[in-house]
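Raw contents of data06.cif, mmCIF, C-alpha atoms:
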```cif
data_work
loop_
_atom_site.label_atom_id
_atom_site.label_comp_id
_atom_site.auth_asym_id
_atom_site.auth_seq_id
_atom_site.Cartn_x
_atom_site.Cartn_y
_atom_site.Cartn_z
CA MET V 1085 0.00 0.00 0.00
CA THR V 1086 2.81 2.37 0.93
CA ARG V 1087 4.57 1.69 -2.39
CA LYS V 1088 1.31 2.33 -4.30
CA VAL V 1089 0.77 5.66 -2.52
CA LEU V 1090 4.39 6.64 -3.19
CA SER V 1091 3.99 5.72 -6.86
CA LEU V 1092 0.83 7.81 -7.14
CA ALA V 1093 2.56 10.70 -5.41
CA LEU V 1094 5.46 10.55 -7.85
CA MET V 1095 3.07 10.43 -10.81
CA SER V 1096 1.20 13.43 -9.42
CA THR V 1097 4.45 15.36 -8.99
CA ALA V 1098 5.50 14.53 -12.55
CA LEU V 1099 2.17 15.73 -13.92
CA VAL V 1100 2.39 18.97 -11.96
CA THR V 1101 5.98 19.49 -13.13
CA SER V 1102 4.97 18.75 -16.71
CA ALA V 1103 2.00 21.11 -16.53
CA TYR V 1104 4.19 23.84 -15.04
CA ALA V 1105 6.89 23.28 -17.66
CA GLN V 1106 4.34 23.67 -20.45
CA GLU V 1107 3.59 27.13 -19.14
CA ALA V 1108 7.21 28.39 -19.41
CA THR V 1109 7.11 31.21 -21.95
CA LEU V 1110 10.14 33.32 -22.82
CA THR V 1111 9.87 36.77 -24.37
CA ILE V 1112 12.83 38.20 -26.30
CA GLU V 1113 13.48 41.96 -26.45
CA SER V 1114 15.27 43.07 -29.64
CA TRP V 1115 15.87 46.01 -31.97
CA ARG V 1116 15.92 43.73 -35.03
CA ASN V 1117 12.29 44.18 -36.11
CA ASP V 1118 13.31 43.23 -39.66
CA ASP V 1119 14.01 39.73 -38.34
CA LEU V 1120 10.53 39.01 -36.97
CA ALA V 1121 9.62 36.53 -39.71
CA LEU V 1122 13.00 34.80 -39.41
CA TRP V 1123 12.44 34.19 -35.71
CA GLN V 1124 8.82 33.15 -36.07
CA GLU V 1125 9.30 30.87 -39.05
CA LYS V 1126 12.76 29.36 -38.53
CA ILE V 1127 14.57 29.97 -35.25
CA ILE V 1128 11.75 29.56 -32.72
CA PRO V 1129 10.21 26.45 -34.37
CA ALA V 1130 13.64 24.77 -34.39
CA PHE V 1131 14.10 25.44 -30.67
CA GLU V 1132 10.57 24.49 -29.67
CA ALA V 1133 10.84 21.22 -31.60
CA GLU V 1134 13.63 20.22 -29.22
CA HIS V 1135 12.11 21.89 -26.15
CA PRO V 1136 8.32 21.55 -26.37
CA ASP V 1137 8.02 22.62 -22.73
CA ILE V 1138 9.31 26.14 -23.52
CA ASN V 1139 7.45 28.65 -25.68
CA VAL V 1140 9.33 31.61 -27.15
CA ILE V 1141 7.99 34.99 -28.27
CA PHE V 1142 10.15 37.42 -30.28
CA SER V 1143 9.02 40.95 -29.43
CA PRO V 1144 11.15 43.58 -31.22
CA SER V 1145 11.06 47.37 -30.98
CA ALA V 1146 12.01 49.92 -33.63
CA PRO V 1147 15.84 50.08 -33.81
CA ALA V 1148 16.14 53.78 -33.01
CA GLU V 1149 13.81 53.42 -30.02
CA TYR V 1150 15.17 50.16 -28.61
CA ASN V 1151 17.51 51.49 -25.94
CA ALA V 1152 14.90 53.88 -24.51
CA VAL V 1153 12.06 51.35 -24.69
CA LEU V 1154 14.17 48.62 -23.12
CA ASN V 1155 15.36 50.82 -20.27
CA SER V 1156 11.80 51.90 -19.54
CA LYS V 1157 10.61 48.30 -19.46
CA LEU V 1158 13.47 47.22 -17.22
CA GLU V 1159 12.78 50.01 -14.76
CA ALA V 1160 9.07 49.16 -14.76
CA GLY V 1161 9.73 45.44 -14.33
CA SER V 1162 7.93 44.58 -17.59
CA ALA V 1163 10.88 43.62 -19.81
CA GLY V 1164 11.12 40.23 -21.42
CA ASP V 1165 13.14 37.28 -20.13
CA LEU V 1166 15.82 37.59 -22.80
CA ILE V 1167 17.55 40.81 -23.85
CA THR V 1168 19.18 41.21 -27.25
CA CYS V 1169 22.49 42.94 -26.54
CA ARG V 1170 24.23 45.69 -28.44
CA PRO V 1171 28.05 45.47 -28.18
CA PHE V 1172 30.14 47.03 -25.42
CA ASP V 1173 29.05 49.97 -23.29
CA ALA V 1174 25.25 49.92 -23.72
CA SER V 1175 25.07 46.31 -22.53
CA LEU V 1176 27.82 46.77 -19.95
CA ALA V 1177 25.72 49.54 -18.39
CA LEU V 1178 22.73 47.17 -18.20
CA TYR V 1179 24.89 44.59 -16.43
CA GLU V 1180 26.33 47.13 -14.01
CA ASP V 1181 22.80 48.32 -13.21
CA GLY V 1182 21.83 44.75 -12.31
CA HIS V 1183 19.58 44.11 -15.31
CA LEU V 1184 21.68 41.39 -17.00
CA THR V 1185 22.84 38.14 -15.40
CA ASP V 1186 26.45 36.92 -15.36
CA LEU V 1187 26.54 33.91 -17.71
CA SER V 1188 30.18 32.97 -17.11
CA ASP V 1189 29.11 29.63 -15.61
CA LEU V 1190 27.13 28.67 -18.72
CA ASP V 1191 29.11 25.78 -20.20
CA ALA V 1192 28.17 26.80 -23.73
CA MET V 1193 30.16 30.03 -23.37
CA GLY V 1194 33.18 27.83 -24.05
CA ASN V 1195 32.03 27.76 -27.70
CA PHE V 1196 33.31 31.32 -28.22
CA SER V 1197 36.74 32.93 -28.46
CA ASP V 1198 37.90 35.63 -26.08
CA VAL V 1199 37.57 38.19 -28.89
CA ALA V 1200 33.96 37.15 -29.56
CA LYS V 1201 33.07 37.42 -25.87
CA SER V 1202 34.89 40.73 -25.33
CA ALA V 1203 31.95 42.81 -26.57
CA TRP V 1204 29.80 41.54 -23.71
CA GLN V 1205 32.21 41.33 -20.80
CA THR V 1206 33.37 43.56 -18.00
CA ASP V 1207 36.61 45.39 -18.76
CA ASP V 1208 38.62 42.84 -16.76
CA GLY V 1209 36.87 39.89 -18.43
CA SER V 1210 35.67 38.47 -15.11
CA ALA V 1211 31.99 38.42 -16.10
CA SER V 1212 30.30 37.58 -19.42
CA PHE V 1213 26.69 38.74 -19.59
CA CYS V 1214 25.53 38.01 -23.16
CA VAL V 1215 25.95 35.03 -25.47
CA PRO V 1216 27.64 36.24 -28.70
CA MET V 1217 25.41 35.75 -31.75
CA ALA V 1218 26.92 37.44 -34.78
CA SER V 1219 29.35 39.92 -36.24
CA VAL V 1220 29.24 42.07 -39.37
CA ILE V 1221 32.19 42.52 -41.73
CA HIS V 1222 33.11 45.66 -43.65
CA GLY V 1223 34.41 45.97 -47.18
CA PHE V 1224 33.05 46.92 -50.60
CA ILE V 1225 30.19 45.39 -52.59
CA TYR V 1226 30.35 45.93 -56.34
CA ASN V 1227 28.23 45.52 -59.44
CA LYS V 1228 29.82 42.66 -61.40
CA ASP V 1229 28.02 43.66 -64.60
CA ALA V 1230 29.52 47.14 -64.41
CA PHE V 1231 33.02 45.81 -63.78
CA ASN V 1232 32.71 43.35 -66.69
CA GLU V 1233 31.39 46.01 -69.07
CA LEU V 1234 34.30 48.31 -68.28
CA GLY V 1235 36.95 45.60 -68.10
CA ILE V 1236 37.85 46.33 -64.48
CA GLU V 1237 39.67 43.80 -62.33
CA VAL V 1238 38.79 43.58 -58.65
CA PRO V 1239 41.25 45.89 -56.86
CA THR V 1240 43.53 44.62 -54.11
CA THR V 1241 45.71 47.71 -53.55
CA GLU V 1242 44.74 51.34 -53.04
CA ALA V 1243 46.36 52.31 -56.35
CA GLU V 1244 44.22 49.72 -58.16
CA PHE V 1245 41.15 50.87 -56.22
CA PHE V 1246 41.48 54.51 -57.30
CA ALA V 1247 42.41 53.48 -60.85
CA ALA V 1248 39.16 51.50 -61.02
CA LEU V 1249 37.15 54.46 -59.72
CA ASP V 1250 38.86 56.72 -62.27
CA LYS V 1251 37.90 54.38 -65.10
CA ILE V 1252 34.27 54.22 -63.92
CA LYS V 1253 34.09 58.01 -63.65
CA GLU V 1254 35.67 58.55 -67.06
CA ASP V 1255 33.17 56.20 -68.71
CA GLY V 1256 30.24 58.07 -67.13
CA THR V 1257 27.69 55.26 -67.19
CA TYR V 1258 27.82 54.70 -63.45
CA ILE V 1259 28.44 56.78 -60.33
CA PRO V 1260 31.75 55.29 -59.17
CA MET V 1261 30.79 54.89 -55.51
CA ALA V 1262 27.48 55.22 -53.64
CA MET V 1263 27.87 56.92 -50.28
CA GLY V 1264 26.55 60.19 -48.91
CA THR V 1265 27.52 62.33 -45.94
CA ASN V 1266 24.10 63.59 -44.87
CA ASP V 1267 23.61 61.00 -42.11
CA GLN V 1268 27.29 61.16 -41.06
CA TRP V 1269 27.62 57.70 -39.49
CA GLU V 1270 28.26 56.01 -42.85
CA ALA V 1271 31.37 58.13 -43.41
CA ALA V 1272 32.86 56.74 -40.20
CA THR V 1273 31.44 53.21 -40.24
CA MET V 1274 31.79 52.36 -43.94
CA GLY V 1275 34.59 54.86 -44.47
CA TYR V 1276 37.11 55.44 -41.70
CA ASN V 1277 36.60 52.18 -39.77
CA ASN V 1278 36.37 50.21 -43.01
CA ILE V 1279 39.73 51.22 -44.49
CA GLY V 1280 41.46 52.28 -41.26
CA PRO V 1281 42.48 48.87 -39.86
CA ASN V 1282 44.93 48.44 -42.75
CA TYR V 1283 46.70 51.59 -41.48
CA TRP V 1284 46.74 51.00 -37.72
CA LYS V 1285 47.18 47.22 -38.07
CA GLY V 1286 43.91 46.13 -36.58
CA GLU V 1287 44.00 44.96 -32.99
CA GLU V 1288 47.61 46.07 -32.56
CA GLY V 1289 46.67 49.70 -33.10
CA ARG V 1290 43.27 49.56 -31.43
CA GLN V 1291 44.65 48.09 -28.22
CA ALA V 1292 47.56 50.53 -28.25
CA LEU V 1293 45.12 53.43 -28.53
CA ILE V 1294 43.14 52.16 -25.54
CA LYS V 1295 46.34 51.83 -23.50
CA GLY V 1296 47.51 55.31 -24.47
CA GLU V 1297 50.54 53.93 -26.34
CA GLN V 1298 49.31 55.45 -29.63
CA LYS V 1299 47.52 58.73 -30.24
CA LEU V 1300 44.98 59.89 -32.79
CA THR V 1301 47.59 62.33 -34.07
CA ASP V 1302 49.93 59.46 -35.05
CA PRO V 1303 50.33 58.91 -38.82
CA GLN V 1304 48.48 55.60 -38.86
CA TRP V 1305 45.36 57.26 -37.39
CA VAL V 1306 45.54 60.42 -39.52
CA ALA V 1307 46.30 58.81 -42.89
CA PRO V 1308 42.84 57.25 -43.39
CA TYR V 1309 41.35 60.76 -43.36
CA ALA V 1310 43.66 61.72 -46.23
CA THR V 1311 42.42 58.69 -48.16
CA LEU V 1312 38.80 59.56 -47.43
CA ALA V 1313 39.44 63.04 -48.81
CA LYS V 1314 40.05 61.41 -52.20
CA TRP V 1315 36.63 59.74 -52.12
CA ALA V 1316 34.74 63.00 -52.77
CA ASN V 1317 35.66 62.90 -56.48
CA TYR V 1318 33.82 59.61 -56.91
CA LEU V 1319 30.64 59.96 -54.82
CA GLY V 1320 28.55 61.72 -57.45
CA ASP V 1321 26.85 65.09 -57.57
CA GLY V 1322 25.03 66.11 -54.42
CA TYR V 1323 26.60 63.48 -52.16
CA GLU V 1324 26.56 66.03 -49.32
CA ALA V 1325 22.74 65.81 -49.13
CA GLN V 1326 22.57 62.08 -49.94
CA THR V 1327 21.03 59.94 -47.18
CA TYR V 1328 21.79 56.32 -46.29
CA PRO V 1329 18.63 55.01 -48.06
CA ASP V 1330 19.54 57.16 -51.08
CA SER V 1331 22.91 55.39 -51.31
CA GLN V 1332 21.32 51.96 -50.98
CA ASN V 1333 18.88 52.78 -53.78
CA LEU V 1334 21.56 54.20 -56.09
CA PHE V 1335 23.45 50.93 -55.84
CA THR V 1336 20.57 48.44 -56.02
CA LEU V 1337 19.02 50.30 -58.98
CA GLY V 1338 22.28 49.79 -60.86
CA ARG V 1339 23.26 53.46 -60.98
CA ALA V 1340 26.45 53.10 -58.90
CA ALA V 1341 29.23 50.58 -59.39
CA VAL V 1342 30.71 50.31 -55.88
CA TYR V 1343 29.13 50.46 -52.43
CA PRO V 1344 31.23 50.87 -49.24
CA ALA V 1345 29.47 48.27 -47.18
CA GLY V 1346 28.65 46.47 -44.04
CA SER V 1347 27.70 42.84 -44.61
CA TRP V 1348 24.26 43.46 -43.09
CA GLU V 1349 23.25 44.84 -46.51
CA ILE V 1350 23.35 41.42 -48.16
CA SER V 1351 19.77 40.30 -47.46
CA GLY V 1352 18.23 43.56 -48.64
CA PHE V 1353 20.48 43.86 -51.68
CA ASN V 1354 19.67 40.27 -52.70
CA THR V 1355 15.98 41.13 -52.94
CA GLN V 1356 16.41 44.53 -54.60
CA ALA V 1357 19.29 44.25 -57.06
CA ASP V 1358 18.75 42.51 -60.40
CA PHE V 1359 22.45 42.21 -61.19
CA GLU V 1360 25.17 39.92 -59.90
CA MET V 1361 27.14 41.28 -56.98
CA GLY V 1362 30.64 40.62 -55.72
CA ALA V 1363 32.68 41.93 -52.83
CA PHE V 1364 36.27 42.95 -52.21
CA LYS V 1365 38.04 43.60 -48.94
CA PRO V 1366 39.53 47.00 -48.07
CA PRO V 1367 42.52 47.44 -50.41
CA VAL V 1368 45.97 47.38 -48.82
CA GLN V 1369 48.46 50.16 -49.43
CA ASN V 1370 51.06 47.93 -51.10
CA ALA V 1371 50.84 44.52 -52.76
CA GLY V 1372 51.70 41.80 -50.28
CA ASP V 1373 50.81 43.81 -47.17
CA THR V 1374 48.92 41.99 -44.41
CA CYS V 1375 45.23 42.80 -44.74
CA TYR V 1376 43.00 43.70 -41.82
CA ILE V 1377 39.20 43.65 -41.74
CA SER V 1378 36.64 45.11 -39.40
CA ASP V 1379 34.84 41.93 -38.26
CA HIS V 1380 32.70 43.77 -35.76
CA THR V 1381 30.95 41.98 -32.90
CA ASP V 1382 27.41 43.25 -33.40
CA ILE V 1383 24.71 41.26 -31.63
CA GLY V 1384 24.41 39.06 -28.55
CA ILE V 1385 21.67 37.90 -26.19
CA GLY V 1386 21.50 37.85 -22.41
CA MET V 1387 19.10 37.08 -19.56
CA ASN V 1388 17.02 39.62 -17.70
CA ALA V 1389 18.10 39.27 -14.07
CA ALA V 1390 14.46 39.78 -13.05
CA SER V 1391 13.13 36.96 -15.25
CA GLU V 1392 10.87 34.47 -13.50
CA ASN V 1393 11.90 31.79 -16.02
CA GLN V 1394 15.64 31.66 -15.45
CA GLU V 1395 16.07 27.93 -15.95
CA ALA V 1396 14.18 28.02 -19.25
CA ALA V 1397 16.11 31.14 -20.29
CA ARG V 1398 19.44 29.43 -19.61
CA THR V 1399 18.28 26.47 -21.69
CA PHE V 1400 17.51 28.80 -24.58
CA LEU V 1401 20.83 30.65 -24.24
CA ALA V 1402 22.74 27.37 -24.28
CA TRP V 1403 20.93 26.50 -27.52
CA VAL V 1404 21.82 29.90 -29.02
CA ALA V 1405 25.46 29.03 -28.36
CA SER V 1406 25.12 25.75 -30.30
CA PRO V 1407 26.27 24.99 -33.86
CA GLU V 1408 22.62 24.29 -34.78
CA PHE V 1409 21.57 27.86 -33.99
CA ALA V 1410 24.65 29.27 -35.72
CA SER V 1411 23.80 27.40 -38.91
CA ILE V 1412 20.14 28.46 -38.89
CA PHE V 1413 20.90 32.09 -38.07
CA GLY V 1414 23.87 32.46 -40.42
CA ASN V 1415 21.96 31.11 -43.41
CA ALA V 1416 18.61 32.72 -42.69
CA LEU V 1417 20.23 36.14 -42.24
CA PRO V 1418 23.24 36.23 -44.60
CA GLY V 1419 25.73 38.93 -43.66
CA PHE V 1420 25.33 38.37 -39.92
CA PHE V 1421 28.14 35.93 -39.33
CA PRO V 1422 28.02 33.47 -36.41
CA LEU V 1423 30.69 33.90 -33.75
CA SER V 1424 30.78 30.34 -32.40
CA SER V 1425 34.05 28.47 -32.78
CA THR V 1426 32.40 25.68 -34.79
CA PRO V 1427 32.61 26.50 -38.53
CA VAL V 1428 29.27 27.11 -40.25
CA GLU V 1429 28.69 26.30 -43.92
CA LEU V 1430 27.00 29.33 -45.46
CA GLU V 1431 24.91 29.05 -48.60
CA ASP V 1432 24.68 32.65 -49.83
CA PRO V 1433 27.53 33.26 -52.31
CA LEU V 1434 28.14 36.89 -51.32
CA ALA V 1435 28.13 36.02 -47.62
CA LYS V 1436 30.55 33.14 -48.30
CA GLU V 1437 32.86 35.47 -50.20
CA ILE V 1438 32.94 38.03 -47.40
CA VAL V 1439 33.29 35.63 -44.47
CA GLY V 1440 36.15 33.98 -46.38
CA TRP V 1441 38.23 37.08 -45.66
CA ARG V 1442 38.58 35.80 -42.10
CA GLU V 1443 40.95 33.16 -43.50
CA GLU V 1444 42.99 35.72 -45.45
CA CYS V 1445 43.15 38.73 -43.13
CA GLU V 1446 43.54 39.68 -39.48
CA SER V 1447 40.25 40.60 -37.79
CA THR V 1448 39.56 43.58 -35.58
CA ILE V 1449 36.55 45.63 -34.46
CA ARG V 1450 35.62 49.29 -34.87
CA SER V 1451 38.24 51.41 -33.13
CA THR V 1452 35.87 53.63 -31.15
CA TYR V 1453 33.51 51.07 -29.65
CA GLN V 1454 35.36 49.71 -26.62
CA ILE V 1455 36.02 52.10 -23.70
CA LEU V 1456 36.99 55.10 -25.85
CA SER V 1457 33.47 56.50 -26.29
CA ARG V 1458 32.39 56.55 -22.64
CA GLY V 1459 33.20 60.21 -22.02
CA THR V 1460 32.33 63.61 -23.41
CA PRO V 1461 33.07 64.31 -26.17
CA ASN V 1462 32.06 60.87 -27.40
CA LEU V 1463 34.80 59.60 -29.71
CA GLU V 1464 32.43 57.54 -31.88
CA ASN V 1465 30.20 60.53 -32.61
CA GLU V 1466 33.20 62.82 -33.06
CA THR V 1467 34.62 60.37 -35.62
CA TRP V 1468 31.38 60.69 -37.62
CA GLY V 1469 31.89 64.42 -37.97
CA ALA V 1470 35.61 64.10 -38.62
CA SER V 1471 35.07 61.56 -41.40
CA VAL V 1472 32.51 63.83 -43.09
CA ALA V 1473 34.85 66.82 -42.77
CA ALA V 1474 37.67 64.79 -44.33
CA ILE V 1475 35.56 63.80 -47.34
CA LYS V 1476 34.32 67.36 -47.86
CA GLY V 1477 37.84 68.76 -47.43
CA ALA V 1478 36.59 71.04 -44.65
CA GLU V 1479 39.63 70.31 -42.43
CA THR V 1480 43.07 68.82 -42.99
CA PRO V 1481 43.61 65.26 -41.81
CA GLU V 1482 46.19 66.53 -39.29
CA ALA V 1483 43.74 69.05 -37.82
CA LEU V 1484 41.07 66.38 -37.51
CA GLY V 1485 43.46 64.05 -35.71
CA GLN V 1486 44.39 66.83 -33.30
CA GLN V 1487 40.76 67.68 -32.57
CA LEU V 1488 39.91 64.06 -31.82
CA GLN V 1489 43.02 63.60 -29.69
CA ASP V 1490 42.28 66.73 -27.68
CA GLY V 1491 38.73 65.57 -27.07
CA LEU V 1492 39.82 62.11 -25.94
CA ALA V 1493 42.57 63.48 -23.71
CA SER V 1494 40.09 65.82 -22.02
CA TRP V 1495 38.47 62.94 -20.15
CA TYR V 1496 40.44 59.69 -20.74
CA ALA V 1497 43.31 59.25 -18.26
CA PRO V 1498 45.67 57.11 -20.41
CA HIS V 1499 45.84 59.98 -22.90
CA GLN V 1500 46.48 62.71 -20.35
#
```

Hey, can you dump this file as structure tokens for me?
Amino acid sequence: MTRKVLSLALMSTALVTSAYAQEATLTIESWRNDDLALWQEKIIPAFEAEHPDINVIFSPSAPAEYNAVLNSKLEAGSAGDLITCRPFDASLALYEDGHLTDLSDLDAMGNFSDVAKSAWQTDDGSASFCVPMASVIHGFIYNKDAFNELGIEVPTTEAEFFAALDKIKEDGTYIPMAMGTNDQWEAATMGYNNIGPNYWKGEEGRQALIKGEQKLTDPQWVAPYATLAKWANYLGDGYEAQTYPDSQNLFTLGRAAVYPAGSWEISGFNTQADFEMGAFKPPVQNAGDTCYISDHTDIGIGMNAASENQEAARTFLAWVASPEFASIFGNALPGFFPLSSTPVELEDPLAKEIVGWREECESTIRSTYQILSRGTPNLENETWGASVAAIKGAETPEALGQQLQDGLASWYAPHQ
């Protein structure tokens, strides 16, 4: 009789546990509203097939409003269980305010390199608070039809790059390069931090700048502005008023031959352009030089410390760190490259071409994103303005370097 009662009790407990588990629902906060269908149709079904006891809801906000919306929800206690993480300081602030949980003890974090995890760690690396999801890579996307028509080889050096632009301009059929300066950030992101790593030698220069061993007035930090100044001749009439969407349209409509790019453009360009596209990495100064690419840690995901579903959330985060997720995400959203150590076979030809640069070049991240933009003036925002001024010829490269250095030194101790 005792054994029968015990058996019934165990069955009752199992049923209660099962019923409770069925009710575990995780909500994901994100700024990637363009990815809603991807999550609903591919990522979430794949996870729920393996974990039928956990339901997942992807609940994105508009990108420009995400930080404010998320902070309001966190303060009100209404934020989702999982928080999509921007790199570096924005997410670090959430962790320091107690909103993100330390995930260092999650075994799956071992699937990522130190560089991949660095965007979502404390400065000393003692705590990791977001699982790395993807990076974006910078370079140039080009119209293969235009290059074939004009007999242009893909450039590998700066001399070849400008010779190609000269040939395109002389022919007159295409605008040589589609980029405007109206929105400012493109000039820095797809300009300065695209070509710059070849000058300051990627991580070597970036780390030296953080430590105060190099300055923004040093030749390797000034020279990219001189190169950007040459771009103005190739951006087409009215580039000063040209917005980011304008540039995208000029390229996808076939009116421009080259587009200074971030790999996140691939999905949109695939649906809008009716010509074959290729990509080339930032040209080096001299043939045979080591090449460096901005392989920028862009998106991660962490756990809301106030979540009432922490066990289920950790289960989901461990799955995000798996090769299965990396394969689904990398192929469903070409141009967002998985950061897990396990290689992922990508299907999109343009994405494959760009991610292949990891095997040829040294990788780094955008120079202003870690530590150096915490003060006022903000170095990232100041670099936007400096890059625009360089292209327009409003200031000399040396003057721009001095302005940025003075601003950084005004608040950052290693440069004082």

Just want the 12 Å neighbourhood of Leu1463 of chain V, counted on only C-alpha atoms, with same-chain residues fewer than 6 positions away dropped. Output as a PDB file with C-alpha atoms, in the coordinates of the input.
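Below is the file that was written, out_32.pdb:
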```pdb
ATOM      1  CA  ALA V1272      32.860  56.740 -40.200  1.00  0.00           C
ATOM      2  CA  ILE V1294      43.140  52.160 -25.540  1.00  0.00           C
ATOM      3  CA  LEU V1300      44.980  59.890 -32.790  1.00  0.00           C
ATOM      4  CA  ARG V1450      35.620  49.290 -34.870  1.00  0.00           C
ATOM      5  CA  SER V1451      38.240  51.410 -33.130  1.00  0.00           C
ATOM      6  CA  THR V1452      35.870  53.630 -31.150  1.00  0.00           C
ATOM      7  CA  TYR V1453      33.510  51.070 -29.650  1.00  0.00           C
ATOM      8  CA  GLN V1454      35.360  49.710 -26.620  1.00  0.00           C
ATOM      9  CA  ILE V1455      36.020  52.100 -23.700  1.00  0.00           C
ATOM     10  CA  LEU V1456      36.990  55.100 -25.850  1.00  0.00           C
ATOM     11  CA  SER V1457      33.470  56.500 -26.290  1.00  0.00           C
ATOM     12  CA  GLY V1469      31.890  64.420 -37.970  1.00  0.00           C
ATOM     13  CA  ALA V1470      35.610  64.100 -38.620  1.00  0.00           C
ATOM     14  CA  SER V1471      35.070  61.560 -41.400  1.00  0.00           C
ATOM     15  CA  GLY V1485      43.460  64.050 -35.710  1.00  0.00           C
ATOM     16  CA  GLN V1487      40.760  67.680 -32.570  1.00  0.00           C
ATOM     17  CA  LEU V1488      39.910  64.060 -31.820  1.00  0.00           C
ATOM     18  CA  GLN V1489      43.020  63.600 -29.690  1.00  0.00           C
ATOM     19  CA  ASP V1490      42.280  66.730 -27.680  1.00  0.00           C
ATOM     20  CA  GLY V1491      38.730  65.570 -27.070  1.00  0.00           C
ATOM     21  CA  LEU V1492      39.820  62.110 -25.940  1.00  0.00           C
ATOM     22  CA  ALA V1493      42.570  63.480 -23.710  1.00  0.00           C
ATOM     23  CA  SER V1494      40.090  65.820 -22.020  1.00  0.00           C
ATOM     24  CA  TRP V1495      38.470  62.940 -20.150  1.00  0.00           C
ATOM     25  CA  TYR V1496      40.440  59.690 -20.740  1.00  0.00           C
TER      26      TYR V1496
END
```

Review point. So, counting all atoms listed in the file, which residue among V:Glu1107, V:Asp1379, V:Glu1180, V:Asp1118 is closest to Asn1277 of chain V?
Key: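 Closest residue, counting all atoms listed in the file: V:Asp1379.
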
Check your understanding: Expanded to explicit residues, what is the PyMOL selection byres ((chain V and resi 1312-1318) around 7) for this file, as a list in words?
Key ->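 Selected by the PyMOL selection byres ((chain V and resi 1312-1318) around 7) in this file: Leu1249, Lys1253, Ile1259, Pro1260, Met1261, Gly1275, Pro1308, Tyr1309, Ala1310, Thr1311, Leu1319, Gly1320, Ala1474, Ile1475, Lys1476 and Gly1477 of chain V.
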
Review point. Do you know which residues are at most 9 Å from Gly1280 of chain V counting only C-alpha atoms, after dropping those on the same chain fewer than 3 positions away, and could you put them as a ChimeraX atom specification?
Key: /V:1275-1277,1283-1286,1304-1305,1307-1309,1366,1376-1378,1451

Check your understanding: From the list V:Gly1194, V:Trp1204, V:Gln1291, V:Ala1218, which residue is nearest Ile1412 of chain V when using only C-alpha atoms?
Key ->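 For Ile1412 of chain V, the nearest of the given residues is V:Ala1218.
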
Review point. Could you spell out the hits of the PyMOL selection byres ((chain V and resi 1481) around 6) on the shown file, as a PyMOL selection string?
Key: chain V and resi 1306+1309-1310+1480+1482-1484

Review point. Exactly which residues make up the result of the PyMOL selection byres ((chain V and resi 1200) around 10) on this file, given as a list in words?
Key: Asn1195, Phe1196, Ser1197, Asp1198, Val1199, Lys1201, Ser1202, Ala1203, Trp1204, Gln1205, Val1215, Pro1216, Met1217, Ala1218, Ser1219, Asp1379, His1380, Thr1381, Asp1382, Gly1384, Pro1422, Leu1423, Ser1424 and Ser1425 of chain V

Practice item. Identify which of the residues V:Ala1248, V:Ile1225, V:Leu1154, V:Val1220 lies closest to Phe1335 of chain V, counting only C-alpha atoms when measuring atom-to-atom distances. Key: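 Distance minimum relative to Phe1335 of chain V lands on V:Ile1225.
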
Check your understanding: Leaving out Ile1128 of chain V and any residue of its chain fewer than 5 positions from it, which residues lie within 9 Å of it when counting all atoms listed in the file, given as a list in words?
Key -> Leu1122, Trp1123, Ala1133, Asn1139, Val1140, Ile1141 and Phe1142 of chain V

Review point. In Å to one decimal, how far is atom CA of Thr1336 of chain V from atom CA of Asn1354 of chain V?
Key: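 About the pair atom CA of Asn1354 of chain V and atom CA of Thr1336 of chain V: they are 8.9 Å apart.
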
Practice item. Between V:His1499, V:Lys1365, V:Arg1290, V:Lys1157, single out the one closest to Asn1388 of chain V, counting all atoms listed in the file. Key: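 For Asn1388 of chain V, the nearest of the given residues is V:Lys1157.
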
Exercise for review: Counting all atoms listed in the file, find the residues whose atoms lie at most 10 Å from (15.6, 43.2, -17.1) (file coordinates) and write them out as a VMD selection string.
Suggested key: chain V and resid 1113 1154 to 1167 1178 to 1179 1181 to 1185 1386 to 1391

Revision key, fill the gap. Min atom-atom distance to Leu1187 of chain V from the set V:Thr1240, V:Gln1298, V:Thr1206, V:Thr1355, counting only C-alpha atoms, belongs to V:Thr1206

Point to revise | Nearest candidate to Ala1340 of chain V (options V:Asp1229, V:Glu1237, V:Glu1270, V:Glu1288; using all atoms listed in the file) | key: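 Nearest to Ala1340 of chain V: V:Asp1229.
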
Dump as a Markdown table the rows for residues of segment 1179-1232 of chain V within 9 Å of segment 1395-1403 of chain V: closest atom pair and distance in Å with one decimal, only C-alpha atoms counted, ordered by chain and rising residue number.
```
| residue | atom | partner | partner_atom | distance |
| --- | --- | --- | --- | --- |
| V:Leu1187 | CA | V:Arg1398 | CA | 8.6 |
| V:Leu1190 | CA | V:Ala1402 | CA | 7.2 |
| V:Asp1191 | CA | V:Ala1402 | CA | 7.7 |
| V:Ala1192 | CA | V:Ala1402 | CA | 5.5 |
| V:Met1193 | CA | V:Ala1402 | CA | 7.9 |
| V:Cys1214 | CA | V:Leu1401 | CA | 8.8 |
| V:Val1215 | CA | V:Leu1401 | CA | 6.8 |
```
